[in-house]
Every structure is written in C-alpha cells, then in structure tokens.
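Data block below; observations after.
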Amino acid sequence: MTQPPQPPQPPNEPPQGGFGAPQDPPPDGFGAPQDPPPDGFGAPTPPLTGPFGKQPDTPPAGGFGAPQPPPQAGNPQTPPPAGVPQQPVPGYGYPQAGPPQPGYGYPQAGPPQPGYGYPQAGPPQPGYGYPQAPVPGQPQQGYGFPQGLPPGQPPLQGYGYPTTPMQQQYPPQQNGGGNGGKKFSTQMQIIVAASVAVVLIVAGGVWFASSGGDDGKKEEASRSSGGTAEGKDGGTGGAVGGGKEKAPADPKSKVAFQLPEPKVTEVTKVNGSWLTDKAYVKSGLNEIVGYDLAKGTKLWSIPLAGQLCAASRHMSEDFKTAIAFEAGKPTKAKKYQPCNQVGALDLNTGKLMWSKSVTAATSGDEPVRYSEVTLSGTTVAAAGTEGGAAFDLNTGAERWKPKVSTDGCYDAGYAGGEALAVVRKCGTYDDPQLVVQALNPATGAPLSSYKMPPGVDFASIVSTKPLVVAADVGDTAGDGSGISDFFSIDASTGKLLTRIAADGEKYAARCASTQVESCQKLAVGNNRIYVPTEDHEGTGEYGDTNEIVSFDLTTGKPTSDRADAGDRYTMYPLRMDGGNIIAYKRPPYDKGGQIVSIDGSTFKQTVLMENPGEESVRDAENSFSGDYAEMIYSAGHLFISQTMLSKPSGSSLDDKEYLAVSFATG
C-alpha cells in the first residue's frame, strides 16, 4: 500500500489546542502542520478520478477525519488479453512438472510448512515486535462494541467495519489451475496426496493443542445491537457459540435498490450508516435519511444545520446513535464551517433528539470542535484536538467537558461499544506520548492506564472489551496501514498482556487514520484478533487470493485458524455473529461478491449471499472502496455505501455513481 496523500489547508482557521497542551500533529500525521477545517482534520482535497470519478489510488490519511475521495475498492481481477496466446504459468502452490522440487507453496519433505501469511509455528521469539509473554492470571474477555439486541432480533450491523474470526492456514492443495494446465501424473498424485495427509494430521494436532485442555469448548460470544458486533467474554480461546445468520434456500441475490449519488461541488463527508428492523439509515447532504429496507423508498429525513462530520459506529438497543455536524452551511464569507455540534438520533422515529455545543477553557470563546464521536451505553463521547466532552444519550445532559490539564495532556479520541476507552495525548509536537485508558462511562474517570511505547504518534482502539490497540511504532509498518503491532491490554489493571507483530507485507488490516476508532478489515472475538493476509497469487493462471488468520490475545501466539478465500477471491472480516465470522469476499472480474459465515468451531464456510455477475451490477458493486466503504450485512440484506463524495470530472462524468446499493436474497 502507498502512503496517503496530504490534505490541503483550509483558509483562515485558528489553530486548535487542548487541555492547554501543545498543538497536536496535523490530521494526516505525516509531518506538515496544518490548520483544521470544520471537522478538525484538514480541508477537503480536490477529487481524484476513478471508475466513478472519486476513487483515489491511495488511502486518505485522515480516514474519518480528513475529507478525501475514497479509492476504488473492487479491483476486480482482469483476464489476459483476448486472442493473445498465454504462456501457461504454474499456479500458486501448485506442483510443477517433472520430479517434485522443493519451493514456496510446494509440499516439503518432512513436516508440512505453513502457508503464505500464516503465523509461524513455535514459541514467540523475543525482540522488537514479537509477541511477549502473557501476564499470568489476567482474565480475557470477548470482543464487545455495541450492546445486546432486543430478544428475537438478528444482529444488526451499523456504521463501521465489524470484526470476525478466521481459519486454518495450510499450503493450497487443489487439483486444477497451474502446471500449464497439465494433469497430475500418477506419481505426482501420490506425492501430493501423501503431503496432504501429513498436513491434515499435523493440523489436527495443532488444533487439539490450541484448544488448551478445555475439551474443545470455546467461550460464548454474544451479539450486540449497535453499529458493530463483537464477541463477549472471550476467555482463552477455543470453540464458541453459533450465530443468528442462516443460509437461505438460494443464496443468489438480486439488486434491491440503488441510491443515486448527490451532486456536490466540494469533497463532502457522508460517513454514517445504520440498520434497524425497519429502515436502512444513511447520511446525505445536510440530512440523515431512513430508507425502506426492501424498496429503498424514503421513509423519513432528519435535517441538519450543516453537513455531518462524524458518526458513531454503535447503536443502543433501541436504535439510538450519535453524530457530530457542522454549525451551518458554507457561505461565501465562511466556506468552512466548524464541526462543533453534537447530537443524538432516534433511528426508530427519525428524530434528532437533541444537539448542542460546548465552550471550554481549551477553546477560548469558541465552541469546542470535534473530529470523531462514539457511544457506549448511554454515554455519547466526542473529541478532537481541543479535548473531549460527553453527554447523556437520552437527555443531552453534559457529563464532562475539556479542562485545562496540569500535565499537558488531552483526550484525543474515544472508542465505545460495550466499554469506553480513550487515547490521551501528552508531550510535545516532536515528541508525543500516548496513554490508553479504560474509562467509567458515567464520569469519565480512568479505570486503568497503559503508556504506549515511544515512537507512536497515533493509536487506534480496535476493541474496548477486550481492550486491543493498534499502532505504527516508529513508522515501521511501511504500507500506509497504520499498523505495525497490536497491543492486548488488561483493561482492569492497565497491564500489557501481549504485543503482536503485524508485518505490513503479510497482513492487510487497516487503521490508517488519525482517528481513534477507525480500524477496518479485522475482527476481535473468542479472545483472538483476526486479520486478512495480503493478496498473493492463487492456483490459477491469473488472479489473486488471500486468507484470514488469527492470534491469541493472551499469549500473542498464532493459532491454527485459517479461512481461505478461494481461487481469484480475496476476503476480509466484516463482523462477529455470535461465535461465527461474517466475511466479505471481493470478487474476480467476472463474478459478483459473496458474504460468507465461517463457523467459529469447525471453520466451515457457508455462503449466505452471492451477488449477480452481470457487468452493470459488478461495476456498481466494485465502485465502492474496500478500504473505506461502509458495509452492513444482516438477515439476507447487504448494504454498501460511500463515506465521501466529490465532484465528477473527466471520464467519470458519464459514469453512474451511487451513494449506496443494496442486495437481497429470497
């Protein structure tokens, strides 16, 4: 991956401070000091072209914060040119012609070797970035963002990118694809069959060992009703309970509806989408709109004073959530409006329950500006470079607001869900020091603190329960993902349980943002963190594939989990469904995408949805960025939507552009 582009500066915006601390680094985190726009993370950048005139090739540094047009997500695999003879090329991991030679992906003599991107066997080795020894006696809990669902309701997925478990990693063993299209010789079949048998035997032993003497029983994982779903009470790993999502009689889907993209003249943020039992809710231009689940017709609209600039990825059990929006609409005199309004939405009734701003000593006479907002229980927490404030979800009553800090620290951003945590920033511009704290949601008082290591400019909270943090330590990730390591922390004591190295050349999760709650393409549940591997060659003559693998959050050791995307597909987690994993499979050039459920115990994949392969439908599906689009799946319905809009230009003027598309089975 490449480094994200720098956003331009908004004119005449005053610098922000917080708790009396020195100025925070620029929102893109890449060096050049900048004045924040309304949302506090930099002015919009000019749109880039793509299949729909707004998909850049590099990820925005701001993520939630810095307005930039999203890149194209689909990247479907393209076939070789028609009519041009192709030199047959052996597929990934496929046996070669002639006597079997040792090599990457080929069955080796002796014990089988792990496949591409697979966590290495054996105990973790000491040294930078390697998993550290666990802290004895520290209990672990499952993944827990939003709160539980009402009885009888399936898990509803809201804004953000939920989490999901993964599957076993072994070298690909398939009967088709490479070797120039030649079939196996009898001798070759015997060799490969023997190798597969050895792999299966060893894999069975690894799985048995990883079950850790608990009779193969994994701790229960619970659903949550908010924007994302997380496993609960993760324990020490092992099998987990099943989920609510069931395979339909026919998984083939059809297009339910398409929402046209609003016309804009500037790059405009439209992040924020949620799903209730009655409506699909999506942010638009200066409004929040509820659409009929089946038809896409407008049910209601909530007008806003200005454009939305931040949205919580969580909901309460009764479908309430939080947003931050600008104080007004742009004018000639004031093109950039400050993002200083916090509000609560009732998504059942389509009402703005309340909205307000806060003035604090850290912001002078001006209202505090925010760059992100989250929800935990009945606490709405919003933060930016001027510190953080919190409100009661139902009444809007103030729970706390920024204060001048004696230690020069301020709340840079919160993460919500089943618990509430914060990243506090201290130190100077050139030498920042980050502290991660678990908070009492009612008072904001810290329950525990963990000091991040030197060399961390930004940290992202992957999960609040268990508490898992991602960071790029010393800018060593090298791929723009914002992740070099994961930190598993005991939220009750603030002690580090383990540190897990995430090689940027092997793993494809993303937290590339200055925002605290912005990670995508990963999942936490069953006391494990699940990450997709980077794409690599498959077994066919063309087309990439990848896998999902996992690490234990207590020991930091790799597990035997591996889920294979299959030839020409790549996959990543969307969310947890009880103890199962809901994942999206990005399609090849000639097929539609898939939603699959991966059984948390057996890792058997079940196709829940397969989208149409017609060109026009494929083009619509692939126009959304896999790194930035919001994707929600529940009960046979899939919704994919944009998080950023830009003015069409060039060849994209004739392209059909969509704010959101929906697919449905049955």
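Each chain of the structure tokens is named A, B, ... in the order shown, its residues numbered from 1; ligands are numbered from 1 in display order.
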
Just the residues within 8 Å of Arg424 (chain A), please, counting only C-alpha atoms, with nothing from its chain fewer than 2 positions along; format it as JSON, numbers by chain. {"A": [409, 410, 411, 412, 413, 422, 426, 434, 435, 436, 437]}

Take the selection from the previous step and output its residues with C-alpha atoms, as a PDB file, in the first residue's frame.
ATOM      1  CA  CYS A 409      -2.471  16.044  28.165  1.00  0.00           C
ATOM      2  CA  TYR A 410      -5.860  15.945  26.458  1.00  0.00           C
ATOM      3  CA  ASP A 411      -8.391  13.372  25.264  1.00  0.00           C
ATOM      4  CA  ALA A 412      -7.601  12.911  21.568  1.00  0.00           C
ATOM      5  CA  GLY A 413     -10.375  10.407  20.816  1.00  0.00           C
ATOM      6  CA  VAL A 422      -9.734   6.900  25.360  1.00  0.00           C
ATOM      7  CA  CYS A 426       0.711  14.233  26.060  1.00  0.00           C
ATOM      8  CA  LEU A 434       0.164   8.461  24.145  1.00  0.00           C
ATOM      9  CA  VAL A 435      -1.697   6.871  27.037  1.00  0.00           C
ATOM     10  CA  VAL A 436      -4.631   4.474  26.579  1.00  0.00           C
ATOM     11  CA  GLN A 437      -7.189   4.473  29.395  1.00  0.00           C
TER      12      GLN A 437
END

Nearby residues (only C-alpha atoms) at most 6 Å from Ile548 (chain A), same-chain spacing under 2 positions excluded, as a PDB file with N, CA, C and O atoms, in the first residue's frame:
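Saved as out-v5.pdb:
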ATOM      1  N   MET A 166     -11.218 -16.233  12.124  1.00  0.00           N
ATOM      2  CA  MET A 166     -10.692 -16.774  10.886  1.00  0.00           C
ATOM      3  C   MET A 166     -10.373 -18.247  10.916  1.00  0.00           C
ATOM      4  O   MET A 166     -10.780 -18.952  11.799  1.00  0.00           O
ATOM      5  N   VAL A 531      -7.087 -11.195  11.260  1.00  0.00           N
ATOM      6  CA  VAL A 531      -6.632 -10.264  10.240  1.00  0.00           C
ATOM      7  C   VAL A 531      -6.512 -10.992   8.907  1.00  0.00           C
ATOM      8  O   VAL A 531      -6.137 -12.166   8.862  1.00  0.00           O
ATOM      9  N   PRO A 532      -6.807 -10.307   7.806  1.00  0.00           N
ATOM     10  CA  PRO A 532      -6.600 -10.926   6.492  1.00  0.00           C
ATOM     11  C   PRO A 532      -5.143 -10.817   6.085  1.00  0.00           C
ATOM     12  O   PRO A 532      -4.439  -9.882   6.470  1.00  0.00           O
ATOM     13  N   ARG A 562      -7.550 -20.690  10.000  1.00  0.00           N
ATOM     14  CA  ARG A 562      -7.300 -20.204   8.638  1.00  0.00           C
ATOM     15  C   ARG A 562      -8.575 -20.346   7.818  1.00  0.00           C
ATOM     16  O   ARG A 562      -9.172 -21.408   7.763  1.00  0.00           O
ATOM     17  N   ALA A 563      -8.974 -19.267   7.171  1.00  0.00           N
ATOM     18  CA  ALA A 563     -10.081 -19.292   6.225  1.00  0.00           C
ATOM     19  C   ALA A 563      -9.531 -18.883   4.871  1.00  0.00           C
ATOM     20  O   ALA A 563      -8.957 -17.804   4.734  1.00  0.00           O
TER      21      ALA A 563
END

Give me, as a ChimeraX atom specification, all polymer residues having an atom no more than 10 Å from Glu366 (chain A), counting only C-alpha atoms and skipping those fewer than 6 positions away in the same chain. /A:338,340,357-360

Written selection (N, CA and C atoms) as a PDB file, in the first residue's frame:
ATOM      1  N   PRO A 338     -17.258  25.217  11.294  1.00  0.00           N
ATOM      2  CA  PRO A 338     -16.667  24.365  12.332  1.00  0.00           C
ATOM      3  C   PRO A 338     -17.562  23.180  12.677  1.00  0.00           C
ATOM      4  N   ASN A 340     -18.771  21.632  15.407  1.00  0.00           N
ATOM      5  CA  ASN A 340     -18.865  21.834  16.859  1.00  0.00           C
ATOM      6  C   ASN A 340     -20.218  21.446  17.455  1.00  0.00           C
ATOM      7  N   SER A 357     -23.570  22.411  21.632  1.00  0.00           N
ATOM      8  CA  SER A 357     -22.134  22.652  21.589  1.00  0.00           C
ATOM      9  C   SER A 357     -21.658  22.943  23.001  1.00  0.00           C
ATOM     10  N   VAL A 358     -20.335  22.927  23.173  1.00  0.00           N
ATOM     11  CA  VAL A 358     -19.739  23.142  24.486  1.00  0.00           C
ATOM     12  C   VAL A 358     -18.607  24.153  24.354  1.00  0.00           C
ATOM     13  N   THR A 359     -18.577  25.115  25.247  1.00  0.00           N
ATOM     14  CA  THR A 359     -17.460  26.055  25.326  1.00  0.00           C
ATOM     15  C   THR A 359     -16.590  25.674  26.509  1.00  0.00           C
ATOM     16  N   ALA A 360     -15.290  25.611  26.286  1.00  0.00           N
ATOM     17  CA  ALA A 360     -14.378  25.205  27.351  1.00  0.00           C
ATOM     18  C   ALA A 360     -13.159  26.109  27.358  1.00  0.00           C
TER      19      ALA A 360
END

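Take the candidates A:Ala397, A:Met631, A:Ile598, A:Ala310 and check each one against Val373 (chain A) using only C-alpha atoms; the shortest distance goes to A:Ala310.
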
Among region 305-434 of chain A, which ones does DSSP assign to strand (DSSP E or B) (computed from the backbone)? Answer as a PyMOL selection string. chain A and resi 308-311+320-325+341-346+351-356+359+367+372-376+379-384+387-392+398-400+410-415+417+420-427+432-434
